[in-house]
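Visitor: Structure incoming, see below.
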There are 2 protein chains.
Amino acid sequence: MKNAVLFVLTIVTALTITAQTTTEALQYASDGELTAPKNYRQRIYLSSGLGMTYGPAAQAGAANPKFDNVFVNPTSWRAFNVTGQWPDKTTFVLEVRSATSHGSINNGGQYQNELLGLEVEVKDEKRFPQKWAFFAFEAGDKTAPLPANSACNTCHSQNGAVDNTFVQFYPTLLEIAKKKGTLTPAYLQKSSAGGGAAK
Amino acid sequence: MKNAVLFVLTIVTALTITAQTTTEALQYASDGELTAPKNYRQRIYLSSGLGMTYGPAAQAGAANPKFDNVFVNPTSWRAFNVTGQWPDKTTFVLEVRSATSHGSINNGGQYQNELLGLEVEVKDEKRFPQKWAFFAFEAGDKTAPLPANSACNTCHSQNGAVDNTFVQFYPTLLEIAKKKGTLTPAYLQKSSAGGGAAK
């Protein structure tokens with residue numbers, strides 16, 4: 001009886017871990033292109049902005065502001081809650097959507113409409129010398145990483161509040177990072193200089 | 001062996017269901033007040049708006065627009081994907097946050113900051129004659145339902161695109177409702193009249 005119980009528990013545990021790994025695993029093709037995570041909207045939501053989008057979809061400028069929604073994989077989110085840091089395989093998805101107004105009963109403000117693009121940031125320490133890489137999905141569901149000297153790479157590495165990530169724009173995570181003491185020296189220095197902190 | 005396996009599988013299944021029920025269960029006090037769901041940010045994110053907030057937190061008006069983020073419990077979200085309808089115990093949480101700008105590297109647009117309030121809509125068919133009820137959490141974590149003739153109740157019952165809910169503002173769900181044919185006659189009529197549809 002005892003062996004049978006252990007046997008079944010082992011199988012159930014393995015199935016649970018497999019399901020989780022499969023759901024969050026990074027899928028690279030043989031040419032190194034990453035497949036966009038299909039289930040990103042079932043992951044942990046971090047925050048949204050309007051008119052803050054960056055990358056190719058942002059080039060229309062302030063006259064036509066877009067929403068961005070940011071999600072992270074649940075395993076990394078749980079780790080961040082404990083440590084204030086991002087483990088290997090952390091995957092951020094930034095979803096860009098058009099903004100609209102005056103539909104249905106709405107007569108002011110703005111809400112979200114069509115999907116315009118996805119941008120993904122992953123931490124994959126063995127694959128990328130800089131540890132983090134960026135992918136801008138404009139069309140199709142597979143794309144190569146942006147070059148290591150891309151605007152995304154440079155800006156994140158210089159300005160990320162935690163590691164390579166813009167935790168300064170995710171209010172629930174910023175509180176955790178403050179408590180865990182994991183804000184970067186560069187971010188803290190700019191914050192104390194007066195103009196750098198997320199207000 | 002076979003009995004032992006069945007025994008363990010039954011326990012594991014029961015534990016899984018219990019965990020899920022506990023996580024999503026509506027918690028009412030003996031006086032009928034609802035406790036705000038603590039884990040709402042781990043639920044399924046639907047969409048965000050800026051300057052669209054309604055209820056008490058919206059009274060500051062357009063001069064000081066706020067973000068709203070909407071979440072729904074995963075069990076009901078999964079059901080909606082199959083049927084285009086909301087099952088009993090569906091729980092929406094609308095989180096209201098302040099909007100800010102020009103922090104860190106940001107020099108335009110707006111992003112989210114402090115939590116200002118929570119508004120909750122639940123479908124609880126046995127408890128409420130109108131099936132749906134609304135709760136506005138301004139301070140504390142427990143509150144009574146708004147009266148059945150509140151502005152929330154009236155506006156949702158007259159203008160919800162699906163049942164009592166504003167699916168017209170959740171782009172991923174609106175597509176599902178169209179496919180499943182579950183948009184309300186009132187919403188369809190206003191849409192075909194030209195001025196009513198979410199664009």
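By convention here, the chains of the structure tokens are called A, B, ... in the order presented, each chain's residues are numbered starting at 1, and ligands are numbered starting at 1 in the order presented.
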Report the residues of range 74-121 of chain A whose backbone DSSP state falls under helix (DSSP H, G or I), written as a list in words.
Guide: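 DSSP on the backbone gives helix (DSSP H, G or I) at Pro74, Thr75, Ser76, Trp77, Arg78, Ala79, Phe80, Asn81, Val82 and Thr83 of chain A.
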Visitor: Please, could you write that set of residues out with N, CA and C atoms as a PDB file, in the first residue's frame?
Guide:
```pdb
ATOM      1  N   PRO A  74       4.385  32.704 -14.348  1.00  0.00           N
ATOM      2  CA  PRO A  74       4.052  32.531 -12.922  1.00  0.00           C
ATOM      3  C   PRO A  74       5.204  32.007 -12.069  1.00  0.00           C
ATOM      4  N   THR A  75       5.996  31.086 -12.581  1.00  0.00           N
ATOM      5  CA  THR A  75       7.098  30.541 -11.781  1.00  0.00           C
ATOM      6  C   THR A  75       8.075  31.642 -11.382  1.00  0.00           C
ATOM      7  N   SER A  76       8.405  32.521 -12.318  1.00  0.00           N
ATOM      8  CA  SER A  76       9.341  33.605 -12.013  1.00  0.00           C
ATOM      9  C   SER A  76       8.696  34.637 -11.084  1.00  0.00           C
ATOM     10  N   TRP A  77       7.393  34.862 -11.273  1.00  0.00           N
ATOM     11  CA  TRP A  77       6.683  35.802 -10.391  1.00  0.00           C
ATOM     12  C   TRP A  77       6.716  35.302  -8.941  1.00  0.00           C
ATOM     13  N   ARG A  78       6.485  33.994  -8.773  1.00  0.00           N
ATOM     14  CA  ARG A  78       6.514  33.440  -7.402  1.00  0.00           C
ATOM     15  C   ARG A  78       7.911  33.587  -6.812  1.00  0.00           C
ATOM     16  N   ALA A  79       8.942  33.340  -7.622  1.00  0.00           N
ATOM     17  CA  ALA A  79      10.318  33.489  -7.134  1.00  0.00           C
ATOM     18  C   ALA A  79      10.604  34.937  -6.747  1.00  0.00           C
ATOM     19  N   PHE A  80      10.120  35.885  -7.565  1.00  0.00           N
ATOM     20  CA  PHE A  80      10.364  37.298  -7.286  1.00  0.00           C
ATOM     21  C   PHE A  80       9.722  37.713  -5.962  1.00  0.00           C
ATOM     22  N   ASN A  81       8.568  37.161  -5.659  1.00  0.00           N
ATOM     23  CA  ASN A  81       7.897  37.467  -4.394  1.00  0.00           C
ATOM     24  C   ASN A  81       8.734  37.045  -3.185  1.00  0.00           C
ATOM     25  N   VAL A  82       9.556  36.025  -3.374  1.00  0.00           N
ATOM     26  CA  VAL A  82      10.376  35.508  -2.274  1.00  0.00           C
ATOM     27  C   VAL A  82      11.734  36.206  -2.228  1.00  0.00           C
ATOM     28  N   THR A  83      12.333  36.445  -3.401  1.00  0.00           N
ATOM     29  CA  THR A  83      13.723  36.904  -3.436  1.00  0.00           C
ATOM     30  C   THR A  83      13.907  38.343  -3.937  1.00  0.00           C
TER      31      THR A  83
END
```
Visitor: Report the residues of range 17-139 of chain A whose backbone DSSP state falls under strand (DSSP E or B), written as an MDAnalysis selection string.
Guide: chainID A and resid 28 34:35 44:50 66:72 91:100 110:123 132:137
Visitor: Given only C-alpha atoms as the basis, pick out the residue of A:Ser98, A:Asn149, A:Gln130, A:Thr172 nearest to Glu114 in chain B.
Guide: A:Thr172
Visitor: Residues of range 112-170 of chain A that have any atom at most 10 Å from an atom of range 34-45 of chain A: could you tabulate them with the shortest-distance atom pair and the distance in Å to one decimal, using only C-alpha atoms, ordered by chain and increasing number, as JSON lines?
Guide:
```
{"residue": "A:Leu118", "atom": "CA", "partner": "A:Ala36", "partner_atom": "CA", "distance": 8.0}
{"residue": "A:Glu119", "atom": "CA", "partner": "A:Ala36", "partner_atom": "CA", "distance": 8.8}
{"residue": "A:Val120", "atom": "CA", "partner": "A:Ala36", "partner_atom": "CA", "distance": 7.8}
{"residue": "A:Phe134", "atom": "CA", "partner": "A:Leu34", "partner_atom": "CA", "distance": 9.9}
{"residue": "A:Phe135", "atom": "CA", "partner": "A:Leu34", "partner_atom": "CA", "distance": 7.7}
{"residue": "A:Ala136", "atom": "CA", "partner": "A:Ala36", "partner_atom": "CA", "distance": 9.5}
{"residue": "A:Phe137", "atom": "CA", "partner": "A:Ala36", "partner_atom": "CA", "distance": 7.5}
{"residue": "A:Gly140", "atom": "CA", "partner": "A:Ala36", "partner_atom": "CA", "distance": 8.9}
{"residue": "A:Asp141", "atom": "CA", "partner": "A:Ala36", "partner_atom": "CA", "distance": 5.3}
{"residue": "A:Lys142", "atom": "CA", "partner": "A:Thr35", "partner_atom": "CA", "distance": 4.5}
{"residue": "A:Thr143", "atom": "CA", "partner": "A:Leu34", "partner_atom": "CA", "distance": 5.5}
{"residue": "A:Ala144", "atom": "CA", "partner": "A:Leu34", "partner_atom": "CA", "distance": 6.3}
{"residue": "A:Pro145", "atom": "CA", "partner": "A:Leu34", "partner_atom": "CA", "distance": 7.6}
{"residue": "A:Tyr170", "atom": "CA", "partner": "A:Tyr45", "partner_atom": "CA", "distance": 9.6}
```
Visitor: Those same residues, written as a tab-separated table (two decimals), in the first residue's frame with C-alpha atoms?
Guide:
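Once written, part-v5.tsv looks like this:
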```tsv
chain	number	residue	atom	x	y	z
A	118	LEU	CA	4.12	41.54	-28.98
A	119	GLU	CA	7.55	42.20	-27.53
A	120	VAL	CA	9.23	39.56	-25.40
A	134	PHE	CA	14.60	40.86	-26.68
A	135	PHE	CA	12.26	39.74	-29.43
A	136	ALA	CA	9.87	42.02	-31.36
A	137	PHE	CA	7.05	40.08	-33.01
A	140	GLY	CA	4.14	35.80	-37.68
A	141	ASP	CA	4.82	33.94	-34.47
A	142	LYS	CA	8.59	33.37	-34.72
A	143	THR	CA	11.44	35.85	-34.66
A	144	ALA	CA	15.18	36.16	-34.03
A	145	PRO	CA	16.52	38.06	-31.02
A	170	TYR	CA	5.20	47.73	-12.03
```
Visitor: Pick the closest to Leu188 in chain B from A:Asn64, A:Val72, A:Ser104, A:Gly32: which is it, counting only C-alpha atoms?
Guide: A:Ser104
Visitor: Do a neighbour search on Tyr187 in chain A at 12 Å with only C-alpha atoms, toss out local chain neighbours closer than 6 positions, and write the hits as an MDAnalysis selection string.
Guide: (chainID A and resid 156:168 174 177:178 181 193:198) or (chainID B and resid 103:105)
Visitor: Please identify all polymer residues within 6 Å of range 100-102 of chain B, counting only C-alpha atoms, omitting same-chain residues fewer than 5 positions from it, and present them as a VMD selection string.
Guide: chain B and resid 107 110 to 111
Visitor: What does the distance from CA of Val96 in chain A to CA of Pro171 in chain B come to in Å, to one decimal?
Guide: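 Calculated distance between CA of Val96 in chain A and CA of Pro171 in chain B is 12.6 Å.
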Visitor: Would you list the contacts of Leu116 in chain B as a list of chain:residue names, taking every protein, DNA or RNA residue within 10 Å and counting only C-alpha atoms, but skipping same-chain residues closer than 3 positions in sequence?
Guide: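 Counting only C-alpha atoms, the residues come to B:Ala57, B:Lys66, B:Phe67, B:Asp68, B:Glu95, B:Val96, B:Arg97, B:Ser98, B:Asn113, B:Phe137, B:Glu138, B:Ala139.
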Visitor: Please produce an output containing C-alpha atoms for each residue in the selection, written as a PDB file, in the first residue's frame.
Guide:
```
ATOM      1  CA  ALA B  57     -13.301  56.584  -7.324  1.00  0.00           C
ATOM      2  CA  LYS B  66      -7.236  56.971 -13.405  1.00  0.00           C
ATOM      3  CA  PHE B  67      -6.358  53.541 -14.715  1.00  0.00           C
ATOM      4  CA  ASP B  68      -8.685  50.603 -14.209  1.00  0.00           C
ATOM      5  CA  GLU B  95      -8.766  47.664  -9.653  1.00  0.00           C
ATOM      6  CA  VAL B  96      -8.407  51.457  -9.746  1.00  0.00           C
ATOM      7  CA  ARG B  97      -4.906  52.957  -9.783  1.00  0.00           C
ATOM      8  CA  SER B  98      -3.555  56.464 -10.086  1.00  0.00           C
ATOM      9  CA  ASN B 113       0.984  53.963  -9.534  1.00  0.00           C
ATOM     10  CA  PHE B 137     -14.322  48.730  -1.445  1.00  0.00           C
ATOM     11  CA  GLU B 138     -13.199  52.195  -0.430  1.00  0.00           C
ATOM     12  CA  ALA B 139     -11.489  51.370   2.851  1.00  0.00           C
TER      13      ALA B 139
END
```
